[in-house]
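Okay, run-v4.txt is below, compact mmCIF, C-alpha atoms and all ligand atoms:
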# COMPACT_ATOMS: atom_id res chain seq x y z
CA VAL E 1 -166.53 114.57 -76.38
CA HIS E 2 -169.61 115.38 -74.35
CA ALA E 3 -170.35 112.11 -72.58
CA VAL E 4 -174.03 111.76 -71.78
CA GLY E 5 -176.53 108.93 -72.30
CA ALA E 6 -175.38 106.04 -74.44
CA ARG E 7 -172.09 107.84 -75.13
CA ALA E 8 -171.31 107.96 -71.39
CA ALA E 9 -171.88 104.21 -71.06
CA ARG E 10 -169.72 103.55 -74.14
CA ILE E 11 -166.86 105.67 -72.77
CA ALA E 12 -167.07 103.96 -69.39
CA SER E 13 -166.83 100.51 -70.98
CA LEU E 14 -163.99 101.56 -73.32
CA HIS E 15 -162.15 103.03 -70.34
CA GLN E 16 -162.38 99.65 -68.60
CA ALA E 17 -161.20 97.76 -71.68
CA THR E 18 -158.37 99.89 -73.05
CA ALA E 19 -156.09 102.90 -72.61
CA LEU E 20 -158.40 105.75 -73.62
CA ARG E 21 -157.79 109.48 -73.96
CA VAL E 22 -160.68 111.84 -74.53
CA GLY E 23 -160.61 115.41 -75.87
CA ILE E 24 -162.52 118.16 -74.05
CA ASP E 25 -162.87 121.91 -74.38
CA THR E 26 -165.43 122.84 -71.71
CA PRO E 27 -165.76 122.37 -67.94
CA VAL E 28 -169.25 120.91 -68.43
CA SER E 29 -167.83 118.15 -70.65
CA ALA E 30 -165.12 117.47 -68.06
CA ASP E 31 -167.83 117.07 -65.42
CA ALA E 32 -169.89 114.77 -67.66
CA LEU E 33 -166.84 112.58 -68.33
CA ALA E 34 -165.98 112.43 -64.64
CA ALA E 35 -169.55 111.34 -63.91
CA ALA E 36 -169.42 108.74 -66.70
CA VAL E 37 -166.35 106.99 -65.24
CA LYS E 38 -167.18 107.52 -61.55
CA GLY E 39 -166.19 104.49 -59.47
CA SER E 40 -163.49 103.39 -61.92
CA THR E 41 -160.18 102.27 -60.41
CA ARG E 42 -158.13 104.32 -62.91
CA ARG E 43 -158.46 108.03 -63.68
CA LEU E 44 -159.58 108.74 -67.25
CA GLU E 45 -156.97 110.69 -69.24
CA VAL E 46 -158.16 113.83 -70.98
CA VAL E 47 -156.55 116.09 -73.57
CA ILE E 48 -157.46 119.78 -73.72
CA GLU E 49 -158.46 121.07 -77.15
CA VAL E 50 -157.16 124.54 -78.02
CA ASP E 51 -158.13 126.78 -80.92
CA CYS E 52 -155.17 127.79 -83.10
CA GLY E 53 -157.07 129.94 -85.62
CA ALA E 54 -159.62 127.67 -87.26
CA HIS E 55 -162.23 129.05 -84.80
CA ARG E 56 -164.21 125.82 -84.78
CA SER E 57 -163.81 124.60 -81.21
CA GLY E 58 -161.22 124.53 -78.44
CA VAL E 59 -160.32 126.96 -75.65
CA GLN E 60 -157.92 129.83 -76.21
CA PRO E 61 -154.37 128.53 -75.60
CA GLU E 62 -153.89 130.66 -72.44
CA GLN E 63 -157.03 129.06 -70.97
CA ALA E 64 -155.85 125.45 -71.35
CA GLY E 65 -154.37 125.33 -67.85
CA ALA E 66 -157.61 126.49 -66.19
CA LEU E 67 -159.56 123.72 -67.92
CA ALA E 68 -156.88 121.15 -67.05
CA ALA E 69 -157.09 122.21 -63.40
CA HIS E 70 -160.89 121.92 -63.51
CA ALA E 71 -160.62 118.42 -65.04
CA ALA E 72 -158.09 117.32 -62.41
CA ALA E 73 -160.33 118.61 -59.61
CA ALA E 74 -163.22 116.62 -61.12
CA GLY E 75 -161.14 113.41 -60.88
CA LEU E 76 -159.81 113.20 -64.44
CA ALA E 77 -156.13 113.06 -65.49
CA PRO E 78 -155.16 115.88 -67.90
CA VAL E 79 -152.21 114.65 -70.00
CA GLY E 80 -151.81 117.23 -72.74
CA VAL E 81 -153.22 119.46 -75.44
CA TYR E 82 -154.31 119.16 -79.05
CA THR E 83 -155.46 121.40 -81.85
CA TYR E 84 -156.75 121.24 -85.43
CA PRO E 85 -155.48 123.86 -87.90
CA GLY E 86 -158.51 123.70 -90.18
CA HIS E 87 -157.74 127.19 -91.54
CA GLY E 88 -154.74 125.62 -93.35
CA ALA E 89 -156.96 124.03 -96.01
CA ARG E 90 -156.70 127.05 -98.35
CA PRO E 91 -154.10 127.95 -100.95
CA ASP E 92 -151.07 129.65 -99.35
CA ALA E 93 -152.49 129.00 -95.85
CA ARG E 94 -150.76 125.70 -95.07
CA ARG E 95 -147.51 127.07 -93.65
CA PRO E 96 -149.07 130.05 -91.79
CA ALA E 97 -151.66 127.72 -90.20
CA ALA E 98 -148.88 125.35 -89.09
CA ASP E 99 -147.09 128.36 -87.55
CA ASP E 100 -150.29 129.33 -85.70
CA GLN E 101 -150.57 125.75 -84.54
CA LEU E 102 -147.02 125.72 -83.16
CA GLN E 103 -147.59 128.98 -81.33
CA ALA E 104 -150.94 127.91 -79.85
CA LEU E 105 -149.62 124.55 -78.66
CA THR E 106 -146.50 126.16 -77.16
CA THR E 107 -148.67 128.63 -75.24
CA ALA E 108 -151.03 125.86 -74.14
CA VAL E 109 -148.14 123.74 -72.82
CA GLU E 110 -146.97 126.73 -70.74
CA SER E 111 -150.52 127.29 -69.52
CA LEU E 112 -150.70 123.67 -68.29
CA ARG E 113 -147.29 124.05 -66.64
CA ASP E 114 -148.61 127.08 -64.73
CA VAL E 115 -151.14 124.82 -62.99
CA GLY E 116 -148.60 122.05 -62.35
CA VAL E 117 -149.39 119.78 -65.31
CA GLU E 118 -146.48 118.73 -67.56
CA ALA E 119 -147.98 117.93 -71.01
CA GLU E 120 -146.87 114.49 -72.17
CA LEU E 121 -149.04 114.73 -75.30
CA VAL E 122 -148.86 117.76 -77.60
CA SER E 123 -150.89 116.83 -80.64
CA ALA E 124 -151.19 118.57 -84.01
CA GLY E 125 -153.32 118.02 -87.16
CA SER E 126 -153.80 117.82 -90.25
CA THR E 127 -153.08 116.68 -93.83
CA PRO E 128 -152.61 120.14 -95.41
CA THR E 129 -150.24 121.20 -92.59
CA VAL E 130 -148.47 117.90 -91.91
CA ALA E 131 -145.32 118.82 -93.84
CA PHE E 132 -144.72 121.75 -91.45
CA SER E 133 -145.94 120.22 -88.19
CA ALA E 134 -143.11 118.17 -86.68
CA ARG E 135 -141.38 120.85 -84.62
CA GLY E 136 -141.19 122.51 -81.21
CA PRO E 137 -143.02 120.76 -78.38
CA ILE E 138 -145.26 118.74 -80.75
CA THR E 139 -145.16 115.01 -79.89
CA GLU E 140 -147.89 113.70 -82.24
CA ILE E 141 -149.46 114.55 -85.59
CA ARG E 142 -152.97 113.49 -86.62
CA PRO E 143 -153.32 113.69 -90.39
CA GLY E 144 -156.44 111.85 -91.57
CA GLU E 145 -156.94 112.39 -95.32
CA TYR E 146 -153.21 111.70 -95.62
CA ILE E 147 -153.91 107.95 -95.62
CA PHE E 148 -155.56 108.07 -99.07
CA ALA E 149 -155.16 111.70 -100.25
CA ASP E 150 -157.75 113.31 -102.51
CA MET E 151 -158.22 116.06 -105.13
CA ASP E 152 -158.60 118.83 -102.52
CA ASN E 153 -155.11 118.01 -101.21
CA VAL E 154 -153.73 117.77 -104.76
CA ARG E 155 -155.11 121.26 -105.46
CA LEU E 156 -153.54 122.56 -102.23
CA ASP E 157 -150.20 121.05 -103.30
CA ALA E 158 -150.28 118.98 -100.09
CA CYS E 159 -149.75 115.83 -102.19
CA ALA E 160 -149.17 114.79 -105.80
CA GLU E 161 -151.88 113.34 -108.04
CA ASP E 162 -149.92 110.10 -107.96
CA ASP E 163 -150.28 109.89 -104.16
CA VAL E 164 -154.04 109.48 -104.35
CA ALA E 165 -155.00 105.93 -103.39
CA LEU E 166 -158.78 106.02 -103.18
CA PHE E 167 -161.16 105.84 -106.12
CA VAL E 168 -164.73 104.89 -106.66
CA ALA E 169 -165.25 102.66 -109.70
CA GLY E 170 -167.81 104.44 -111.85
CA THR E 171 -169.45 102.48 -114.67
CA VAL E 172 -170.82 104.37 -117.68
CA VAL E 173 -174.51 103.40 -117.65
CA SER E 174 -176.03 105.80 -120.20
CA ASP E 175 -174.87 107.70 -123.30
CA THR E 176 -178.18 108.84 -124.76
CA MET E 177 -177.48 112.56 -124.31
CA PRO E 178 -175.07 114.23 -126.73
CA GLU E 179 -173.57 116.58 -124.12
CA HIS E 180 -172.61 114.01 -121.47
CA VAL E 181 -172.43 110.38 -120.43
CA ILE E 182 -173.78 109.15 -117.09
CA VAL E 183 -171.78 107.10 -114.59
CA ASP E 184 -173.39 105.26 -111.70
CA VAL E 185 -171.69 107.43 -109.07
CA GLY E 186 -173.65 110.21 -107.39
CA THR E 187 -174.00 111.85 -103.99
CA LYS E 188 -174.64 108.51 -102.26
CA ALA E 189 -171.06 107.56 -103.11
CA LEU E 190 -169.17 110.86 -103.23
CA GLY E 191 -171.08 113.09 -100.83
CA ARG E 192 -171.86 116.66 -101.86
CA GLU E 193 -168.48 118.33 -101.59
CA GLY E 194 -167.62 120.28 -104.69
CA ASN E 195 -168.70 123.28 -106.72
CA PRO E 196 -169.17 124.06 -110.41
CA ASP E 197 -165.52 125.24 -110.70
CA LYS E 198 -163.73 122.18 -109.33
CA GLY E 199 -166.51 119.73 -110.09
CA TYR E 200 -167.65 116.85 -107.88
CA GLY E 201 -165.10 114.13 -108.66
CA TYR E 202 -162.14 113.79 -111.01
CA ALA E 203 -162.40 111.18 -113.80
CA LEU E 204 -158.98 109.54 -114.15
CA GLY E 205 -157.63 108.93 -117.61
CA LEU E 206 -159.92 111.33 -119.47
CA GLY E 207 -157.77 114.46 -119.45
CA GLU E 208 -158.73 117.15 -116.95
CA THR E 209 -162.30 115.95 -116.72
CA CYS E 210 -164.53 116.18 -113.67
CA LEU E 211 -168.07 115.12 -112.95
CA HIS E 212 -169.85 118.46 -113.38
CA LYS E 213 -173.12 117.52 -111.69
CA LEU E 214 -174.34 114.80 -109.33
CA ASN E 215 -177.77 113.38 -108.65
CA GLU E 216 -178.25 110.79 -105.95
CA TYR E 217 -176.80 107.91 -107.97
CA HIS E 218 -176.02 109.55 -111.32
CA GLY E 219 -172.82 111.45 -112.19
CA PHE E 220 -172.76 113.73 -115.26
CA LEU E 221 -169.54 113.59 -117.26
CA SER E 222 -168.90 115.86 -120.26
CA VAL E 223 -166.13 114.55 -122.47
CA ALA E 224 -164.81 115.46 -125.90
CA SER E 225 -166.49 113.33 -128.60
CA ASP E 226 -163.22 111.55 -129.47
CA GLN E 227 -162.83 110.49 -125.80
CA ARG E 228 -166.45 109.60 -125.12
CA PRO E 229 -166.41 106.35 -123.09
CA LYS E 230 -168.80 103.59 -124.11
CA VAL E 231 -171.55 102.17 -121.89
CA GLY E 232 -169.92 99.60 -119.62
CA THR E 233 -166.57 101.40 -119.38
CA VAL E 234 -165.30 101.55 -115.79
CA ILE E 235 -163.73 104.90 -114.84
CA PRO E 236 -161.85 105.49 -111.57
CA ILE E 237 -163.32 108.61 -109.97
CA VAL E 238 -161.13 110.48 -107.45
CA PRO E 239 -163.14 112.28 -104.75
CA ASN E 240 -162.57 115.93 -103.84
CA HIS E 241 -162.62 114.81 -100.19
CA CYS E 242 -161.82 111.19 -99.30
CA CYS E 243 -163.50 111.10 -95.84
CA PRO E 244 -167.17 111.05 -96.92
CA LEU E 245 -166.37 108.51 -99.62
CA VAL E 246 -164.92 106.07 -97.06
CA ASN E 247 -167.88 106.68 -94.75
CA ASN E 248 -170.34 105.91 -97.54
CA PHE E 249 -169.16 102.33 -98.08
CA ALA E 250 -169.17 99.23 -95.89
CA GLU E 251 -166.05 97.84 -97.55
CA LEU E 252 -162.97 99.00 -99.47
CA VAL E 253 -161.51 96.85 -102.25
CA VAL E 254 -157.70 96.85 -102.17
CA THR E 255 -156.00 96.43 -105.56
CA ASP E 256 -152.53 96.60 -107.06
CA SER E 257 -151.68 99.32 -109.59
CA GLU E 258 -153.12 97.16 -112.39
CA GLY E 259 -156.47 96.88 -110.61
CA ARG E 260 -156.03 93.25 -109.54
CA GLY E 261 -157.89 92.58 -106.28
CA LEU E 262 -155.63 91.90 -103.28
CA ASP E 263 -157.91 92.21 -100.28
CA ARG E 264 -161.15 93.66 -98.94
CA TRP E 265 -161.20 95.92 -95.87
CA ALA E 266 -164.33 96.40 -93.79
CA VAL E 267 -164.89 100.06 -92.83
CA ALA E 268 -165.09 99.84 -89.05
CA ALA E 269 -165.89 103.36 -87.84
CA ARG E 270 -168.77 104.61 -90.00
CA GLY E 271 -171.25 107.15 -88.70
CA THR E 272 -170.60 109.45 -85.75
C1 LIG V 1 -159.73 117.01 -84.56
C2 LIG V 1 -159.25 116.45 -85.85
N1 LIG V 1 -158.00 115.92 -85.91
C3 LIG V 1 -157.51 115.40 -87.06
C4 LIG V 1 -158.26 115.40 -88.22
C5 LIG V 1 -157.64 114.87 -89.50
O1 LIG V 1 -157.44 115.94 -90.38
P1 LIG V 1 -157.26 115.81 -91.96
O2 LIG V 1 -158.32 114.86 -92.44
O3 LIG V 1 -157.42 117.20 -92.46
O4 LIG V 1 -155.90 115.27 -92.19
C6 LIG V 1 -159.54 115.95 -88.22
C7 LIG V 1 -160.36 115.99 -89.44
O5 LIG V 1 -161.38 116.61 -89.54
C8 LIG V 1 -160.05 116.50 -87.00
O6 LIG V 1 -161.26 117.07 -86.94
Kindly present the structure from the file in structure tokens form.
Ligand SMILES: Cc1ncc(COP(=O)(O)O)c(C=O)c1O
Amino acid sequence: VHAVGARAARIASLHQATALRVGIDTPVSADALAAAVKGSTRRLEVVIEVDCGAHRSGVQPEQAGALAAHAAAAGLAPVGVYTYPGHGARPDARRPAADDQLQALTTAVESLRDVGVEAELVSAGSTPTVAFSARGPITEIRPGEYIFADMDNVRLDACAEDDVALFVAGTVVSDTMPEHVIVDVGTKALGREGNPDKGYGYALGLGETCLHKLNEYHGFLSVASDQRPKVGTVIPIVPNHCCPLVNNFAELVVTDSEGRGLDRWAVAARGT
């Protein structure tokens, strides 16, 4: 996190209210965090992000100790390391990415030790790699999509179709065109993740059928004429990626396997 402006004030107040750990990967962010919590009675705990091959963010594992030492000198408390093996979200890449993750975290732990910091937190991601993550010095795993699963993880063999627990209820609202029916689910609900090959959302119960095109609030569904759903039919649509779907709604409706409503959950952490 780079804590400036409103974000700095928010971090300072969270730090007062609860046990907070913040991820950093640059000295300038360490300095900003230290400034944000200046005057606090407790040191803010920070976790050093390392890159394990996804090449998104994070320091190189051998550099983790130098950043931890910088953070400590700035008045923060470095407590460990974390990484995100985003390069594991491809076919045949799950296990190799988990191996990269193990190696990077092991090196990072040694790098912290070299500057006198014993890592109490060694944190790994992600849903595609979770099956291979609990080993070596790793003390925590952070799978996110795992909670609901989605079609991307089914295609990666990271979960079974039966594990998916998040759907958007699409209602057929138009059948005037011979080549498709329209459901009231578009990019506002599903986001834009997909492509013409895998489609933009999987229509449960209609064979291997996917929405093949989305407008803002229209989903295009081609189905064989003997399976063509009537206007008013409700079809559970499984997202390719569950995260944007959750973020697009204020509330989730919890049901049993027959679709009977059990509860409603407010989505608490929408936006950034
Ligand atoms: C830093 C970090 N940790 C954990 C996660 C959760 O990963 P996933 O949703 O792939 O399980 C993410 C997701 O983007 C992430 O960016």
Using only C-alpha atoms, which residue out of E:Glu45, E:Asp184, E:Glu110, E:Glu62 lies closest to E:Val234?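 Of E:Glu45, E:Asp184, E:Glu110, E:Glu62, the one nearest E:Val234 is E:Asp184, counting only C-alpha atoms.
Closest approach to E:Ala74 among E:Leu252, E:Ala224, E:Val28, E:Cys52: E:Val28, based on only C-alpha atoms.
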Contact table chain E vs ligand LIG 1 (chain V), cut-off 12 Å, shortest pair per residue, all atoms listed in the file, as JSON lines:
{"residue": "E:Val1", "atom": "CA", "partner": "V:LIG1", "partner_atom": "C1", "distance": 10.9}
{"residue": "E:Val22", "atom": "CA", "partner": "V:LIG1", "partner_atom": "C1", "distance": 11.3}
{"residue": "E:Gly23", "atom": "CA", "partner": "V:LIG1", "partner_atom": "C1", "distance": 8.9}
{"residue": "E:Ile24", "atom": "CA", "partner": "V:LIG1", "partner_atom": "C1", "distance": 10.9}
{"residue": "E:Asp25", "atom": "CA", "partner": "V:LIG1", "partner_atom": "C1", "distance": 11.7}
{"residue": "E:Val47", "atom": "CA", "partner": "V:LIG1", "partner_atom": "C1", "distance": 11.5}
{"residue": "E:Ile48", "atom": "CA", "partner": "V:LIG1", "partner_atom": "C1", "distance": 11.4}
{"residue": "E:Glu49", "atom": "CA", "partner": "V:LIG1", "partner_atom": "C1", "distance": 8.5}
{"residue": "E:Val50", "atom": "CA", "partner": "V:LIG1", "partner_atom": "C1", "distance": 10.3}
{"residue": "E:Asp51", "atom": "CA", "partner": "V:LIG1", "partner_atom": "C1", "distance": 10.5}
{"residue": "E:Cys52", "atom": "CA", "partner": "V:LIG1", "partner_atom": "C1", "distance": 11.8}
{"residue": "E:Ala54", "atom": "CA", "partner": "V:LIG1", "partner_atom": "O6", "distance": 10.7}
{"residue": "E:Arg56", "atom": "CA", "partner": "V:LIG1", "partner_atom": "O6", "distance": 9.5}
{"residue": "E:Ser57", "atom": "CA", "partner": "V:LIG1", "partner_atom": "C1", "distance": 9.2}
{"residue": "E:Gly58", "atom": "CA", "partner": "V:LIG1", "partner_atom": "C1", "distance": 9.8}
{"residue": "E:Val81", "atom": "CA", "partner": "V:LIG1", "partner_atom": "C1", "distance": 11.5}
{"residue": "E:Tyr82", "atom": "CA", "partner": "V:LIG1", "partner_atom": "C1", "distance": 8.0}
{"residue": "E:Thr83", "atom": "CA", "partner": "V:LIG1", "partner_atom": "C1", "distance": 6.7}
{"residue": "E:Tyr84", "atom": "CA", "partner": "V:LIG1", "partner_atom": "C1", "distance": 5.2}
{"residue": "E:Pro85", "atom": "CA", "partner": "V:LIG1", "partner_atom": "O3", "distance": 8.3}
{"residue": "E:Gly86", "atom": "CA", "partner": "V:LIG1", "partner_atom": "O3", "distance": 7.0}
{"residue": "E:His87", "atom": "CA", "partner": "V:LIG1", "partner_atom": "O3", "distance": 10.0}
{"residue": "E:Gly88", "atom": "CA", "partner": "V:LIG1", "partner_atom": "O3", "distance": 8.9}
{"residue": "E:Ala89", "atom": "CA", "partner": "V:LIG1", "partner_atom": "O3", "distance": 7.7}
{"residue": "E:Arg90", "atom": "CA", "partner": "V:LIG1", "partner_atom": "O3", "distance": 11.5}
{"residue": "E:Arg94", "atom": "CA", "partner": "V:LIG1", "partner_atom": "O3", "distance": 11.1}
{"residue": "E:Ser123", "atom": "CA", "partner": "V:LIG1", "partner_atom": "N1", "distance": 8.9}
{"residue": "E:Ala124", "atom": "CA", "partner": "V:LIG1", "partner_atom": "N1", "distance": 7.6}
{"residue": "E:Gly125", "atom": "CA", "partner": "V:LIG1", "partner_atom": "C3", "distance": 4.9}
{"residue": "E:Ser126", "atom": "CA", "partner": "V:LIG1", "partner_atom": "O4", "distance": 3.8}
{"residue": "E:Thr127", "atom": "CA", "partner": "V:LIG1", "partner_atom": "O4", "distance": 3.6}
{"residue": "E:Pro128", "atom": "CA", "partner": "V:LIG1", "partner_atom": "O3", "distance": 6.4}
{"residue": "E:Thr129", "atom": "CA", "partner": "V:LIG1", "partner_atom": "O4", "distance": 8.2}
{"residue": "E:Val130", "atom": "CA", "partner": "V:LIG1", "partner_atom": "O4", "distance": 7.9}
{"residue": "E:Ala131", "atom": "CA", "partner": "V:LIG1", "partner_atom": "O4", "distance": 11.3}
{"residue": "E:Ser133", "atom": "CA", "partner": "V:LIG1", "partner_atom": "O4", "distance": 11.8}
{"residue": "E:Glu140", "atom": "CA", "partner": "V:LIG1", "partner_atom": "C3", "distance": 10.9}
{"residue": "E:Ile141", "atom": "CA", "partner": "V:LIG1", "partner_atom": "C3", "distance": 8.2}
{"residue": "E:Arg142", "atom": "CA", "partner": "V:LIG1", "partner_atom": "C3", "distance": 4.9}
{"residue": "E:Pro143", "atom": "CA", "partner": "V:LIG1", "partner_atom": "O4", "distance": 3.5}
{"residue": "E:Gly144", "atom": "CA", "partner": "V:LIG1", "partner_atom": "O4", "distance": 3.5}
{"residue": "E:Glu145", "atom": "CA", "partner": "V:LIG1", "partner_atom": "O2", "distance": 4.0}
{"residue": "E:Tyr146", "atom": "CA", "partner": "V:LIG1", "partner_atom": "O4", "distance": 5.6}
{"residue": "E:Ile147", "atom": "CA", "partner": "V:LIG1", "partner_atom": "O4", "distance": 8.3}
{"residue": "E:Phe148", "atom": "CA", "partner": "V:LIG1", "partner_atom": "O2", "distance": 9.9}
{"residue": "E:Ala149", "atom": "CA", "partner": "V:LIG1", "partner_atom": "O4", "distance": 8.8}
{"residue": "E:Asp150", "atom": "CA", "partner": "V:LIG1", "partner_atom": "O2", "distance": 10.2}
{"residue": "E:Asp152", "atom": "CA", "partner": "V:LIG1", "partner_atom": "O3", "distance": 10.3}
{"residue": "E:Asn153", "atom": "CA", "partner": "V:LIG1", "partner_atom": "O3", "distance": 9.1}
{"residue": "E:Leu156", "atom": "CA", "partner": "V:LIG1", "partner_atom": "O3", "distance": 11.8}
{"residue": "E:Ala158", "atom": "CA", "partner": "V:LIG1", "partner_atom": "O4", "distance": 10.4}
{"residue": "E:Cys159", "atom": "CA", "partner": "V:LIG1", "partner_atom": "O4", "distance": 11.8}
{"residue": "E:His241", "atom": "CA", "partner": "V:LIG1", "partner_atom": "O2", "distance": 8.9}
{"residue": "E:Cys242", "atom": "CA", "partner": "V:LIG1", "partner_atom": "O2", "distance": 8.5}
{"residue": "E:Cys243", "atom": "CA", "partner": "V:LIG1", "partner_atom": "O2", "distance": 7.2}
{"residue": "E:Pro244", "atom": "CA", "partner": "V:LIG1", "partner_atom": "O2", "distance": 10.6}
{"residue": "E:Val246", "atom": "CA", "partner": "V:LIG1", "partner_atom": "O2", "distance": 11.9}
Which distance in Å separates atom CA of E:Val223 and atom CA of E:Leu166, to one decimal? 22.3 Å
Pairwise distance for atom CA of E:Ala30 and atom CA of E:Ala17, rounded to one decimal in Å: 20.4 Å
Using Å and a single decimal, report how far atom CA of E:Asn240 sits from atom CA of E:Leu102. 27.7 Å
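For the set E:Asn215, E:Val173, E:Ala97, E:Asn248, the residue with the smallest atom-to-atom gap to E:Gly53 is E:Ala97, counting only C-alpha atoms.
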Would you mind telling me which residue in E:Val185, E:Ala71, E:Ala119, E:His55 lies nearest to E:Thr106 when using all atoms listed in the file?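 Closest to E:Thr106 of all the choices is E:Ala119.
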Contact residues around E:Glu216 with all atoms listed in the file at 10 Å, ignoring same-chain residues under 2 positions, as a PyMOL selection string: chain E and resi 184-192+214+218-219
Give me the residues within 12 Å of E:Lys198 as a list in words, counting only C-alpha atoms and dropping any in the same chain fewer than 3 places off.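 The neighbour list is Met151, Asp152, Val154, Arg155, Glu193, Gly194, Asn195, Gly201, Tyr202, Ala203, Glu208, Thr209, Cys210, Leu211, His212, Lys213, Pro239, Asn240 and His241 of chain E.
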Serialized selection, C-alpha atoms, as a tab-separated table (two decimals), in the coordinates of the input:
chain	number	residue	atom	x	y	z
E	151	MET	CA	-158.22	116.06	-105.13
E	152	ASP	CA	-158.60	118.83	-102.52
E	154	VAL	CA	-153.73	117.77	-104.76
E	155	ARG	CA	-155.11	121.26	-105.46
E	193	GLU	CA	-168.48	118.33	-101.59
E	194	GLY	CA	-167.62	120.28	-104.69
E	195	ASN	CA	-168.70	123.28	-106.72
E	201	GLY	CA	-165.10	114.13	-108.66
E	202	TYR	CA	-162.14	113.79	-111.01
E	203	ALA	CA	-162.40	111.18	-113.80
E	208	GLU	CA	-158.73	117.15	-116.95
E	209	THR	CA	-162.30	115.95	-116.72
E	210	CYS	CA	-164.53	116.18	-113.67
E	211	LEU	CA	-168.07	115.12	-112.95
E	212	HIS	CA	-169.85	118.46	-113.38
E	213	LYS	CA	-173.12	117.52	-111.69
E	239	PRO	CA	-163.14	112.28	-104.75
E	240	ASN	CA	-162.57	115.93	-103.84
E	241	HIS	CA	-162.62	114.81	-100.19
Since the input is missing atoms, can you rebuild N, CA, C and O atoms for stretch 39-51 of chain E and write them as a PDB file, in the frame of the given file?
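To be explicit, this is the file written out as out-v6.pdb:
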ATOM      1  N   GLY E  39    -166.281 105.838 -60.035  1.00  0.00           N
ATOM      2  CA  GLY E  39    -166.190 104.490 -59.470  1.00  0.00           C
ATOM      3  C   GLY E  39    -165.119 103.642 -60.121  1.00  0.00           C
ATOM      4  O   GLY E  39    -164.804 102.542 -59.652  1.00  0.00           O
ATOM      5  N   SER E  40    -164.540 104.155 -61.223  1.00  0.00           N
ATOM      6  CA  SER E  40    -163.490 103.390 -61.920  1.00  0.00           C
ATOM      7  C   SER E  40    -162.203 103.403 -61.071  1.00  0.00           C
ATOM      8  O   SER E  40    -161.932 104.362 -60.350  1.00  0.00           O
ATOM      9  N   THR E  41    -161.405 102.343 -61.216  1.00  0.00           N
ATOM     10  CA  THR E  41    -160.180 102.270 -60.410  1.00  0.00           C
ATOM     11  C   THR E  41    -159.077 103.173 -60.967  1.00  0.00           C
ATOM     12  O   THR E  41    -158.176 103.572 -60.248  1.00  0.00           O
ATOM     13  N   ARG E  42    -159.146 103.460 -62.286  1.00  0.00           N
ATOM     14  CA  ARG E  42    -158.130 104.320 -62.910  1.00  0.00           C
ATOM     15  C   ARG E  42    -158.751 105.662 -63.262  1.00  0.00           C
ATOM     16  O   ARG E  42    -159.921 105.706 -63.652  1.00  0.00           O
ATOM     17  N   ARG E  43    -157.952 106.730 -63.228  1.00  0.00           N
ATOM     18  CA  ARG E  43    -158.460 108.030 -63.680  1.00  0.00           C
ATOM     19  C   ARG E  43    -158.479 108.043 -65.225  1.00  0.00           C
ATOM     20  O   ARG E  43    -157.566 107.509 -65.862  1.00  0.00           O
ATOM     21  N   LEU E  44    -159.500 108.607 -65.789  1.00  0.00           N
ATOM     22  CA  LEU E  44    -159.580 108.740 -67.250  1.00  0.00           C
ATOM     23  C   LEU E  44    -158.688 109.892 -67.703  1.00  0.00           C
ATOM     24  O   LEU E  44    -158.755 110.999 -67.149  1.00  0.00           O
ATOM     25  N   GLU E  45    -157.862 109.633 -68.726  1.00  0.00           N
ATOM     26  CA  GLU E  45    -156.970 110.690 -69.240  1.00  0.00           C
ATOM     27  C   GLU E  45    -157.730 111.592 -70.218  1.00  0.00           C
ATOM     28  O   GLU E  45    -158.466 111.101 -71.081  1.00  0.00           O
ATOM     29  N   VAL E  46    -157.527 112.886 -70.066  1.00  0.00           N
ATOM     30  CA  VAL E  46    -158.160 113.830 -70.980  1.00  0.00           C
ATOM     31  C   VAL E  46    -157.107 114.740 -71.614  1.00  0.00           C
ATOM     32  O   VAL E  46    -156.044 114.993 -71.035  1.00  0.00           O
ATOM     33  N   VAL E  47    -157.432 115.202 -72.812  1.00  0.00           N
ATOM     34  CA  VAL E  47    -156.550 116.090 -73.570  1.00  0.00           C
ATOM     35  C   VAL E  47    -157.352 117.365 -73.854  1.00  0.00           C
ATOM     36  O   VAL E  47    -158.505 117.290 -74.293  1.00  0.00           O
ATOM     37  N   ILE E  48    -156.752 118.503 -73.590  1.00  0.00           N
ATOM     38  CA  ILE E  48    -157.460 119.780 -73.720  1.00  0.00           C
ATOM     39  C   ILE E  48    -157.340 120.280 -75.170  1.00  0.00           C
ATOM     40  O   ILE E  48    -156.224 120.441 -75.690  1.00  0.00           O
ATOM     41  N   GLU E  49    -158.482 120.531 -75.796  1.00  0.00           N
ATOM     42  CA  GLU E  49    -158.460 121.070 -77.150  1.00  0.00           C
ATOM     43  C   GLU E  49    -158.284 122.580 -77.117  1.00  0.00           C
ATOM     44  O   GLU E  49    -158.993 123.278 -76.381  1.00  0.00           O
ATOM     45  N   VAL E  50    -157.338 123.085 -77.915  1.00  0.00           N
ATOM     46  CA  VAL E  50    -157.160 124.540 -78.020  1.00  0.00           C
ATOM     47  C   VAL E  50    -157.417 124.973 -79.461  1.00  0.00           C
ATOM     48  O   VAL E  50    -157.199 124.221 -80.408  1.00  0.00           O
ATOM     49  N   ASP E  51    -157.900 126.190 -79.599  1.00  0.00           N
ATOM     50  CA  ASP E  51    -158.130 126.780 -80.920  1.00  0.00           C
ATOM     51  C   ASP E  51    -156.831 127.442 -81.384  1.00  0.00           C
ATOM     52  O   ASP E  51    -156.215 128.193 -80.625  1.00  0.00           O
TER      53      ASP E  51
END
